[in-house]
$ cat final_38.pdb   # PDB, C-alpha atoms
ATOM      1  CA  MET L 213      35.607   6.967 111.683
ATOM      2  CA  LEU L 214      39.216   8.052 111.744
ATOM      3  CA  LYS L 215      40.649  11.419 110.763
ATOM      4  CA  LEU L 216      44.314  12.280 110.541
ATOM      5  CA  SER L 217      45.918  15.673 110.143
ATOM      6  CA  PHE L 218      49.601  16.348 109.771
ATOM      7  CA  ARG L 219      52.029  19.146 110.321
ATOM      8  CA  GLN L 220      55.782  19.286 110.246
ATOM      9  CA  ASP L 221      57.600  20.779 113.198
ATOM     10  CA  ASN L 222      61.408  20.932 113.495
ATOM     11  CA  GLY L 223      62.122  17.667 111.736
ATOM     12  CA  TRP L 224      59.215  15.872 113.394
ATOM     13  CA  LEU L 225      55.977  14.933 111.670
ATOM     14  CA  ARG L 226      53.089  15.537 114.037
ATOM     15  CA  ALA L 227      50.029  13.392 113.321
ATOM     16  CA  SER L 228      46.807  14.309 115.123
ATOM     17  CA  VAL L 229      44.580  11.273 115.321
ATOM     18  CA  GLN L 230      40.868  11.858 115.700
ATOM     19  CA  GLY L 231      38.101   9.277 116.078
ATOM     20  CA  GLU L 232      38.376   5.518 116.525
ATOM     21  CA  LEU L 233      41.314   3.210 115.858
ATOM     22  CA  ASP L 234      40.237  -0.409 115.375
ATOM     23  CA  VAL L 235      40.432  -3.240 112.859
ATOM     24  CA  ALA L 236      38.517  -1.233 110.236
ATOM     25  CA  SER L 237      40.510   1.992 110.516
ATOM     26  CA  ALA L 238      43.989   0.523 111.195
ATOM     27  CA  PRO L 239      44.791   0.068 107.454
ATOM     28  CA  VAL L 240      43.825   3.714 106.801
ATOM     29  CA  PHE L 241      46.013   4.834 109.717
ATOM     30  CA  ARG L 242      48.960   2.826 108.386
ATOM     31  CA  ALA L 243      48.630   4.071 104.803
ATOM     32  CA  ARG L 244      48.045   7.756 105.623
ATOM     33  CA  ILE L 245      51.003   7.904 108.010
ATOM     34  CA  GLN L 246      53.254   6.194 105.489
ATOM     35  CA  GLU L 247      52.218   8.672 102.790
ATOM     36  CA  ALA L 248      52.838  11.627 105.097
ATOM     37  CA  LEU L 249      56.265  10.366 106.221
ATOM     38  CA  ASP L 250      57.250   9.876 102.575
ATOM     39  CA  GLU L 251      55.881  13.239 101.523
ATOM     40  CA  HIS L 252      57.624  15.157 104.316
ATOM     41  CA  GLN L 253      60.737  12.939 104.121
ATOM     42  CA  VAL L 254      61.079  12.603 107.883
ATOM     43  CA  ARG L 255      61.669   9.615 110.168
ATOM     44  CA  ARG L 256      60.513  11.216 113.378
ATOM     45  CA  LEU L 257      56.846  10.929 114.262
ATOM     46  CA  VAL L 258      54.727  12.355 117.079
ATOM     47  CA  LEU L 259      51.306  10.753 117.423
ATOM     48  CA  ASP L 260      48.897  13.117 119.152
ATOM     49  CA  LEU L 261      46.039  11.012 120.532
ATOM     50  CA  ARG L 262      44.112  13.657 122.476
ATOM     51  CA  ASP L 263      41.120  13.388 120.123
ATOM     52  CA  LEU L 264      41.227   9.604 119.838
ATOM     53  CA  THR L 265      37.957   8.388 121.339
ATOM     54  CA  PHE L 266      38.439   4.612 121.081
ATOM     55  CA  ILE L 267      41.275   2.143 120.676
ATOM     56  CA  ASP L 268      41.473  -1.645 120.976
ATOM     57  CA  SER L 269      44.237  -4.190 120.376
ATOM     58  CA  SER L 270      44.023  -3.756 116.589
ATOM     59  CA  GLY L 271      44.666  -0.042 117.075
ATOM     60  CA  VAL L 272      47.549  -0.644 119.471
ATOM     61  CA  GLY L 273      48.997  -3.083 116.925
ATOM     62  CA  ALA L 274      48.849  -0.384 114.256
ATOM     63  CA  ILE L 275      50.700   2.082 116.516
ATOM     64  CA  LEU L 276      53.306  -0.537 117.407
ATOM     65  CA  GLY L 277      53.721  -1.350 113.712
ATOM     66  CA  ARG L 278      54.593   2.285 112.956
ATOM     67  CA  TYR L 279      57.099   2.278 115.837
ATOM     68  CA  ARG L 280      58.790  -0.876 114.558
ATOM     69  CA  GLN L 281      58.944   0.486 111.042
ATOM     70  CA  LEU L 282      60.537   3.770 112.163
ATOM     71  CA  ALA L 283      62.932   1.990 114.540
ATOM     72  CA  ALA L 284      64.124  -0.149 111.627
ATOM     73  CA  LEU L 285      64.950   3.090 109.758
ATOM     74  CA  ARG L 286      66.660   4.511 112.858
ATOM     75  CA  GLY L 287      63.770   6.909 113.283
ATOM     76  CA  GLU L 288      61.935   7.939 116.422
ATOM     77  CA  MET L 289      58.360   7.965 117.608
ATOM     78  CA  ARG L 290      56.567   9.577 120.544
ATOM     79  CA  VAL L 291      52.965   9.301 121.674
ATOM     80  CA  VAL L 292      51.403  12.372 123.310
ATOM     81  CA  GLY L 293      47.946  13.441 124.462
ATOM     82  CA  VAL L 294      47.013  10.130 126.086
ATOM     83  CA  SER L 295      43.611  10.770 127.716
ATOM     84  CA  ALA L 296      42.104   8.927 130.682
ATOM     85  CA  ARG L 297      39.653   7.342 128.252
ATOM     86  CA  ILE L 298      42.234   5.383 126.262
ATOM     87  CA  ARG L 299      44.968   5.102 128.885
ATOM     88  CA  PRO L 300      43.777   1.744 130.346
ATOM     89  CA  VAL L 301      44.071   0.048 126.943
ATOM     90  CA  LEU L 302      47.518   1.501 126.207
ATOM     91  CA  GLU L 303      48.785   0.569 129.681
ATOM     92  CA  LEU L 304      47.397  -2.959 129.547
ATOM     93  CA  SER L 305      48.963  -3.509 126.127
ATOM     94  CA  GLY L 306      52.440  -2.769 127.450
ATOM     95  CA  LEU L 307      52.956  -0.179 124.695
ATOM     96  CA  GLY L 308      54.337   2.224 127.303
ATOM     97  CA  ARG L 309      57.302  -0.078 127.883
ATOM     98  CA  ILE L 310      58.300   0.334 124.244
ATOM     99  CA  VAL L 311      57.181   3.837 123.267
ATOM    100  CA  PRO L 312      57.169   6.863 125.617
ATOM    101  CA  LEU L 313      53.547   7.858 126.411
ATOM    102  CA  GLU L 314      52.776  11.409 127.486
ATOM    103  CA  ARG L 315      49.459  12.189 129.113
ATOM    104  CA  ALA L 316      47.049  14.814 127.909
ATOM    105  CA  GLN L 317      47.036  17.939 130.082
ATOM    106  CA  GLY L 318      44.206  17.897 132.586
ATOM    107  CA  ARG L 319      42.707  14.607 131.426
TER
ATOM    108  CA  MET W 206      14.160 -12.899 131.499
ATOM    109  CA  ASN W 207      11.683 -10.206 130.534
ATOM    110  CA  ALA W 208      11.497  -8.596 127.140
ATOM    111  CA  ALA W 209      13.285  -5.414 128.199
ATOM    112  CA  ASP W 210      16.387  -7.207 129.439
ATOM    113  CA  TYR W 211      18.017  -8.640 126.361
ATOM    114  CA  MET W 212      19.277  -7.790 122.896
ATOM    115  CA  ILE W 213      20.248  -9.825 119.866
ATOM    116  CA  LEU W 214      22.211  -8.363 116.979
ATOM    117  CA  GLU W 215      23.275 -10.179 113.825
ATOM    118  CA  LEU W 216      25.768  -8.584 111.461
ATOM    119  CA  PRO W 217      27.642  -9.661 108.350
ATOM    120  CA  SER W 218      31.298 -10.333 109.169
ATOM    121  CA  ARG W 219      32.683  -7.028 107.932
ATOM    122  CA  GLU W 220      35.390  -5.066 109.726
ATOM    123  CA  ASP W 221      33.334  -1.877 109.633
ATOM    124  CA  ASN W 222      30.586  -3.612 111.636
ATOM    125  CA  VAL W 223      32.866  -4.015 114.668
ATOM    126  CA  ALA W 224      32.242  -0.380 115.674
ATOM    127  CA  LEU W 225      28.485  -0.823 115.359
ATOM    128  CA  ALA W 226      28.538  -3.933 117.558
ATOM    129  CA  ARG W 227      30.498  -2.290 120.386
ATOM    130  CA  VAL W 228      28.373   0.884 120.327
ATOM    131  CA  VAL W 229      25.119  -1.109 120.528
ATOM    132  CA  VAL W 230      26.353  -3.280 123.416
ATOM    133  CA  GLY W 231      27.760  -0.190 125.164
ATOM    134  CA  ALA W 232      24.340   1.497 124.937
ATOM    135  CA  PHE W 233      22.625  -1.644 126.225
ATOM    136  CA  ALA W 234      25.121  -1.893 129.126
ATOM    137  CA  ALA W 235      24.294   1.687 130.135
ATOM    138  CA  ARG W 236      21.009   0.347 131.569
ATOM    139  CA  LEU W 237      23.059  -1.036 134.437
ATOM    140  CA  ASP W 238      24.889   1.177 136.882
ATOM    141  CA  PHE W 239      28.233   1.035 135.093
ATOM    142  CA  THR W 240      30.672   3.932 135.234
ATOM    143  CA  LEU W 241      31.739   5.493 131.937
ATOM    144  CA  ALA W 242      35.131   3.802 132.356
ATOM    145  CA  GLU W 243      33.403   0.420 132.736
ATOM    146  CA  ILE W 244      31.311   1.057 129.623
ATOM    147  CA  GLU W 245      34.559   1.773 127.751
ATOM    148  CA  GLU W 246      35.959  -1.542 129.006
ATOM    149  CA  ILE W 247      32.851  -3.361 127.757
ATOM    150  CA  LYS W 248      33.196  -1.691 124.358
ATOM    151  CA  VAL W 249      36.839  -2.793 124.103
ATOM    152  CA  ALA W 250      35.979  -6.380 125.118
ATOM    153  CA  VAL W 251      33.154  -6.558 122.551
ATOM    154  CA  SER W 252      35.384  -5.002 119.906
ATOM    155  CA  GLU W 253      37.986  -7.737 120.496
ATOM    156  CA  ALA W 254      35.452 -10.558 120.386
ATOM    157  CA  VAL W 255      33.754  -9.314 117.203
ATOM    158  CA  THR W 256      37.131  -8.588 115.564
ATOM    159  CA  ASN W 257      38.196 -12.175 116.290
ATOM    160  CA  ALA W 258      34.989 -13.496 114.709
ATOM    161  CA  VAL W 259      35.486 -11.352 111.587
ATOM    162  CA  VAL W 260      39.262 -11.739 111.177
ATOM    163  CA  HIS W 261      39.767 -15.304 112.387
ATOM    164  CA  GLY W 262      36.399 -17.078 112.472
ATOM    165  CA  TYR W 263      35.399 -16.007 108.973
ATOM    166  CA  ARG W 264      38.868 -15.720 107.451
ATOM    167  CA  GLU W 265      37.980 -18.315 104.801
ATOM    168  CA  SER W 266      34.497 -17.162 103.893
ATOM    169  CA  PRO W 267      32.182 -14.453 105.233
ATOM    170  CA  GLY W 268      29.288 -15.220 107.524
ATOM    171  CA  VAL W 269      27.105 -13.856 110.285
ATOM    172  CA  VAL W 270      28.312 -12.668 113.678
ATOM    173  CA  ARG W 271      25.662 -12.948 116.377
ATOM    174  CA  ILE W 272      25.930 -10.730 119.431
ATOM    175  CA  GLN W 273      23.630 -11.343 122.352
ATOM    176  CA  ALA W 274      23.464  -9.525 125.643
ATOM    177  CA  HIS W 275      21.202  -9.830 128.642
ATOM    178  CA  VAL W 276      20.994  -8.747 132.227
ATOM    179  CA  ASP W 277      21.209 -11.551 134.749
ATOM    180  CA  ASP W 278      20.969 -10.833 138.456
ATOM    181  CA  GLY W 279      22.372  -7.321 138.076
ATOM    182  CA  ARG W 280      25.250  -8.265 135.821
ATOM    183  CA  LEU W 281      25.739  -7.970 132.087
ATOM    184  CA  VAL W 282      26.200 -11.156 130.070
ATOM    185  CA  VAL W 283      27.452 -10.785 126.478
ATOM    186  CA  SER W 284      28.088 -13.552 123.997
ATOM    187  CA  VAL W 285      29.609 -13.265 120.549
ATOM    188  CA  SER W 286      29.198 -16.237 118.212
ATOM    189  CA  ASP W 287      30.345 -17.143 114.759
ATOM    190  CA  ARG W 288      29.924 -20.235 112.607
ATOM    191  CA  GLY W 289      33.396 -19.918 111.191
ATOM    192  CA  VAL W 290      36.508 -22.069 111.230
ATOM    193  CA  GLY W 291      36.671 -22.522 115.007
ATOM    194  CA  ILE W 292      39.789 -22.635 117.179
ATOM    195  CA  GLU W 293      41.993 -25.737 117.230
ATOM    196  CA  ASP W 294      43.724 -24.949 120.492
ATOM    197  CA  ILE W 295      41.803 -22.564 122.759
ATOM    198  CA  ALA W 296      44.534 -22.448 125.442
ATOM    199  CA  GLN W 297      47.089 -21.358 122.827
ATOM    200  CA  ALA W 298      44.712 -18.785 121.319
ATOM    201  CA  ARG W 299      44.189 -17.226 124.747
ATOM    202  CA  GLU W 300      47.900 -16.753 125.369
ATOM    203  CA  PRO W 301      49.087 -13.146 125.131
ATOM    204  CA  ALA W 302      51.063 -12.322 121.983
ATOM    205  CA  PHE W 303      49.748 -15.329 120.093
ATOM    206  CA  SER W 304      48.480 -14.267 116.697
ATOM    207  CA  THR W 305      48.039 -16.019 113.399
ATOM    208  CA  VAL W 306      47.987 -12.689 111.528
ATOM    209  CA  PRO W 307      51.027 -10.374 111.124
ATOM    210  CA  GLU W 308      50.932  -6.883 112.688
ATOM    211  CA  ARG W 309      48.283  -7.937 115.130
ATOM    212  CA  MET W 310      49.145  -7.898 118.786
ATOM    213  CA  GLY W 311      47.606 -11.205 119.800
ATOM    214  CA  MET W 312      46.236  -9.258 122.756
ATOM    215  CA  GLY W 313      42.537  -9.752 122.040
ATOM    216  CA  PHE W 314      41.845 -12.408 124.653
ATOM    217  CA  ALA W 315      44.036 -10.636 127.217
ATOM    218  CA  PHE W 316      41.892  -7.502 126.788
ATOM    219  CA  MET W 317      38.653  -9.509 127.029
ATOM    220  CA  GLU W 318      39.880 -11.185 130.211
ATOM    221  CA  SER W 319      41.045  -7.952 131.829
ATOM    222  CA  PHE W 320      37.913  -6.005 130.996
ATOM    223  CA  SER W 321      35.352  -8.626 132.041
ATOM    224  CA  ASP W 322      34.742 -10.522 135.295
ATOM    225  CA  GLU W 323      34.417 -13.921 133.636
ATOM    226  CA  LEU W 324      35.280 -15.128 130.155
ATOM    227  CA  SER W 325      34.532 -18.487 128.599
ATOM    228  CA  VAL W 326      35.348 -19.712 125.114
ATOM    229  CA  GLU W 327      33.647 -22.607 123.383
ATOM    230  CA  SER W 328      34.841 -23.675 119.991
ATOM    231  CA  MET W 329      34.765 -26.613 117.612
ATOM    232  CA  PRO W 330      36.993 -26.684 114.542
ATOM    233  CA  GLY W 331      34.769 -26.272 111.506
ATOM    234  CA  GLN W 332      31.735 -25.368 113.633
ATOM    235  CA  GLY W 333      32.486 -21.944 115.035
ATOM    236  CA  THR W 334      33.256 -20.137 118.262
ATOM    237  CA  THR W 335      31.266 -18.547 121.065
ATOM    238  CA  VAL W 336      32.880 -16.156 123.527
ATOM    239  CA  ARG W 337      30.859 -15.337 126.627
ATOM    240  CA  MET W 338      31.738 -12.523 129.008
ATOM    241  CA  THR W 339      30.093 -11.281 132.173
ATOM    242  CA  LYS W 340      30.581  -8.030 134.021
ATOM    243  CA  ARG W 341      28.986  -6.587 137.118
ATOM    244  CA  PRO W 342      28.998  -2.865 137.900
ATOM    245  CA  GLN W 343      31.432  -2.105 140.708
ATOM    246  CA  HIS W 344      29.982  -0.126 143.548
ATOM    247  CA  ARG W 345      30.642   3.536 143.027
ATOM    248  CA  THR W 346      31.894   5.679 145.829
ATOM    249  CA  VAL W 347      29.251   8.201 146.802
ATOM    250  CA  GLY W 348      29.791  11.716 145.486
TER
END
$ encode --input "final_38.pdb" --output "structure tokens"
Amino acid sequence: MLKLSFRQDNGWLRASVQGELDVASAPVFRARIQEALDEHQVRRLVLDLRDLTFIDSSGVGAILGRYRQLAALRGEMRVVGVSARIRPVLELSGLGRIVPLERAQGR
Amino acid sequence: MNAADYMILELPSREDNVALARVVVGAFAARLDFTLAEIEEIKVAVSEAVTNAVVHGYRESPGVVRIQAHVDDGRLVVSVSDRGVGIEDIAQAREPAFSTVPERMGMGFAFMESFSDELSVESMPGQGTTVRMTKRPQHRTVG
């Protein structure tokens, strides 16, 4: 199960990602974020992962795909709220070398 | 092996069954003295193996993914099997960043290797693939 909620903040679209990001939910993640970027007409995205409870390589691929898409449009992307639970997967994937990762407070 | 020490799960090769597979194996693994972080690692490794079976093994036609787990001498042994297309070149498939599908990381085997103690892959083109992983709980520090 994946839930996304969006809010616009100073030219950035903030997407709060809740639940699990895997092969089944990655297409939903991709489509919902695309819709929201189009609707808000922004090219700057903050992914807030503090309520993401599971991610695997399919999920990391979906995040990287959004980064590549925004970079091609000269946009920007940040990842915040990285909890101890999902940090090992994000670190092992090397995503942090491409996209800045900010840890969740106190986690 | 006694009856309490193993599990067998068969699922149709659907993407939404990947979550079910990892949750079941994670619950089974909790019988051993794994930390929560180790259980998360097991769930990621199982997720990768079952995803590979669904996305690659059965890319031509759907089939059954069989997930087995048992406890052997204090360690967890998990195998994930499909009767799908098989892998032509296992060494190439295990290389990081190799993927036959766009917008996939090709990191699946790298995650399975990192999050298990041992990983073996058996495959025959046209016959299917079995991935076998073992993991032993690391000794916790007291407290």
$ closest_atom_pairs --input "final_38.pdb" --of "chain L" --to "chain W" --cutoff "12 Å" --atoms "all atoms listed in the file" --output "CSV"
residue,atom,partner,partner_atom,distance
L:Met213,CA,W:Ala224,CA,9.0
L:Leu214,CA,W:Ala224,CA,11.6
L:Gly231,CA,W:Ala224,CA,11.3
L:Glu232,CA,W:Ala224,CA,8.6
L:Leu233,CA,W:Ala224,CA,9.8
L:Asp234,CA,W:Ala224,CA,8.0
L:Val235,CA,W:Glu220,CA,6.2
L:Ala236,CA,W:Glu220,CA,5.0
L:Ser237,CA,W:Asp221,CA,8.2
L:Ala238,CA,W:Glu308,CA,10.3
L:Pro239,CA,W:Glu308,CA,10.7
L:Arg242,CA,W:Glu308,CA,10.8
L:Thr265,CA,W:Glu245,CA,9.8
L:Phe266,CA,W:Val249,CA,8.2
L:Ile267,CA,W:Val249,CA,7.5
L:Asp268,CA,W:Val249,CA,5.7
L:Ser269,CA,W:Met312,CA,5.9
L:Ser270,CA,W:Arg309,CA,6.1
L:Gly271,CA,W:Arg309,CA,8.9
L:Val272,CA,W:Met310,CA,7.5
L:Gly273,CA,W:Met310,CA,5.2
L:Ala274,CA,W:Glu308,CA,7.0
L:Ile275,CA,W:Glu308,CA,9.8
L:Leu276,CA,W:Glu308,CA,8.3
L:Gly277,CA,W:Glu308,CA,6.3
L:Arg278,CA,W:Glu308,CA,9.9
L:Tyr279,CA,W:Glu308,CA,11.5
L:Arg280,CA,W:Glu308,CA,10.1
L:Gln281,CA,W:Glu308,CA,11.0
L:Ser295,CA,W:Ala242,CA,11.9
L:Ala296,CA,W:Ala242,CA,8.8
L:Arg297,CA,W:Ala242,CA,7.1
L:Ile298,CA,W:Glu245,CA,8.6
L:Arg299,CA,W:Ala242,CA,10.5
L:Pro300,CA,W:Glu246,CA,8.6
L:Val301,CA,W:Phe316,CA,7.9
L:Leu302,CA,W:Phe316,CA,10.6
L:Glu303,CA,W:Phe316,CA,11.0
L:Leu304,CA,W:Phe316,CA,7.7
L:Ser305,CA,W:Met312,CA,7.2
L:Gly306,CA,W:Met312,CA,10.1
L:Leu307,CA,W:Met310,CA,10.4
$ resolve_selection --input "final_38.pdb" --expression "the PyMOL selection byres ((chain L and resi 224-227) around 6)" --output "NGL selection string"
:L and (217-223 or 228 or 256-260)
$ write_last_selection --input "final_38.pdb" --atoms "C-alpha atoms" --output "PDB file, in the coordinates of the input"
ATOM      1  CA  SER L 217      45.918  15.673 110.143  1.00  0.00           C
ATOM      2  CA  PHE L 218      49.601  16.348 109.771  1.00  0.00           C
ATOM      3  CA  ARG L 219      52.029  19.146 110.321  1.00  0.00           C
ATOM      4  CA  GLN L 220      55.782  19.286 110.246  1.00  0.00           C
ATOM      5  CA  ASP L 221      57.600  20.779 113.198  1.00  0.00           C
ATOM      6  CA  ASN L 222      61.408  20.932 113.495  1.00  0.00           C
ATOM      7  CA  GLY L 223      62.122  17.667 111.736  1.00  0.00           C
ATOM      8  CA  SER L 228      46.807  14.309 115.123  1.00  0.00           C
ATOM      9  CA  ARG L 256      60.513  11.216 113.378  1.00  0.00           C
ATOM     10  CA  LEU L 257      56.846  10.929 114.262  1.00  0.00           C
ATOM     11  CA  VAL L 258      54.727  12.355 117.079  1.00  0.00           C
ATOM     12  CA  LEU L 259      51.306  10.753 117.423  1.00  0.00           C
ATOM     13  CA  ASP L 260      48.897  13.117 119.152  1.00  0.00           C
TER      14      ASP L 260
END
$ atom_distance --input "final_38.pdb" --atom1 "CA of Val229 (chain W)" --atom2 "CA of Ala258 (chain W)"
16.9 Å
$ closest_residue --input "final_38.pdb" --among "W:Val326, W:Ala298, W:Val270, W:Val230" --to "Tyr211 (chain W)" --atoms "only C-alpha atoms"
W:Val230
$ atom_distance --input "final_38.pdb" --atom1 "CA of Gly291 (chain W)" --atom2 "CA of Met329 (chain W)"
5.2 Å
$ resolve_selection --input "final_38.pdb" --expression "the PyMOL selection byres ((chain W and resi 336) around 9)" --output "MDAnalysis selection string"
chainID W and resid 254 283:286 324:328 334:335 337:338
$ atom_distance --input "final_38.pdb" --atom1 "CA of Gln343 (chain W)" --atom2 "CA of Ala235 (chain W)"
13.3 Å
$ residues_around --input "final_38.pdb" --residues "Asp277 (chain W)" --least-positions-apart "5" --cutoff "10 Å" --atoms "only C-alpha atoms" --output "JSON, numbers by chain"
{"W": [206, 210, 211, 282, 339, 341]}
$ resolve_selection --input "final_38.pdb" --expression "the PyMOL selection byres ((chain L and resi 311) around 9)" --output "ChimeraX atom specification"
/L:276,279,289-291,307-310,312-313
$ residues_near_point --input "final_38.pdb" --point "(29.4, 3.6, 137.4)" --cutoff "8 Å" --atoms "all atoms listed in the file" --output "PyMOL selection string"
chain W and resi 238-243+342-345
$ axis_aligned_box --input "final_38.pdb" --around "region 298-317 of chain L" --padding-each-side "5 Å" --output "AutoDock Vina command-line options"
--center_x 50.3 --center_y 7.2 --center_z 126.8 --size_x 26.1 --size_y 31.4 --size_z 17.1
$ residues_around --input "final_38.pdb" --residues "Pro330 (chain W)" --least-positions-apart "6" --cutoff "7 Å" --atoms "all atoms listed in the file" --output "PDB file with C-alpha atoms, in the coordinates of the input"
ATOM      1  CA  VAL W 290      36.508 -22.069 111.230  1.00  0.00           C
ATOM      2  CA  GLY W 291      36.671 -22.522 115.007  1.00  0.00           C
ATOM      3  CA  ILE W 292      39.789 -22.635 117.179  1.00  0.00           C
ATOM      4  CA  GLU W 293      41.993 -25.737 117.230  1.00  0.00           C
TER       5      GLU W 293
END
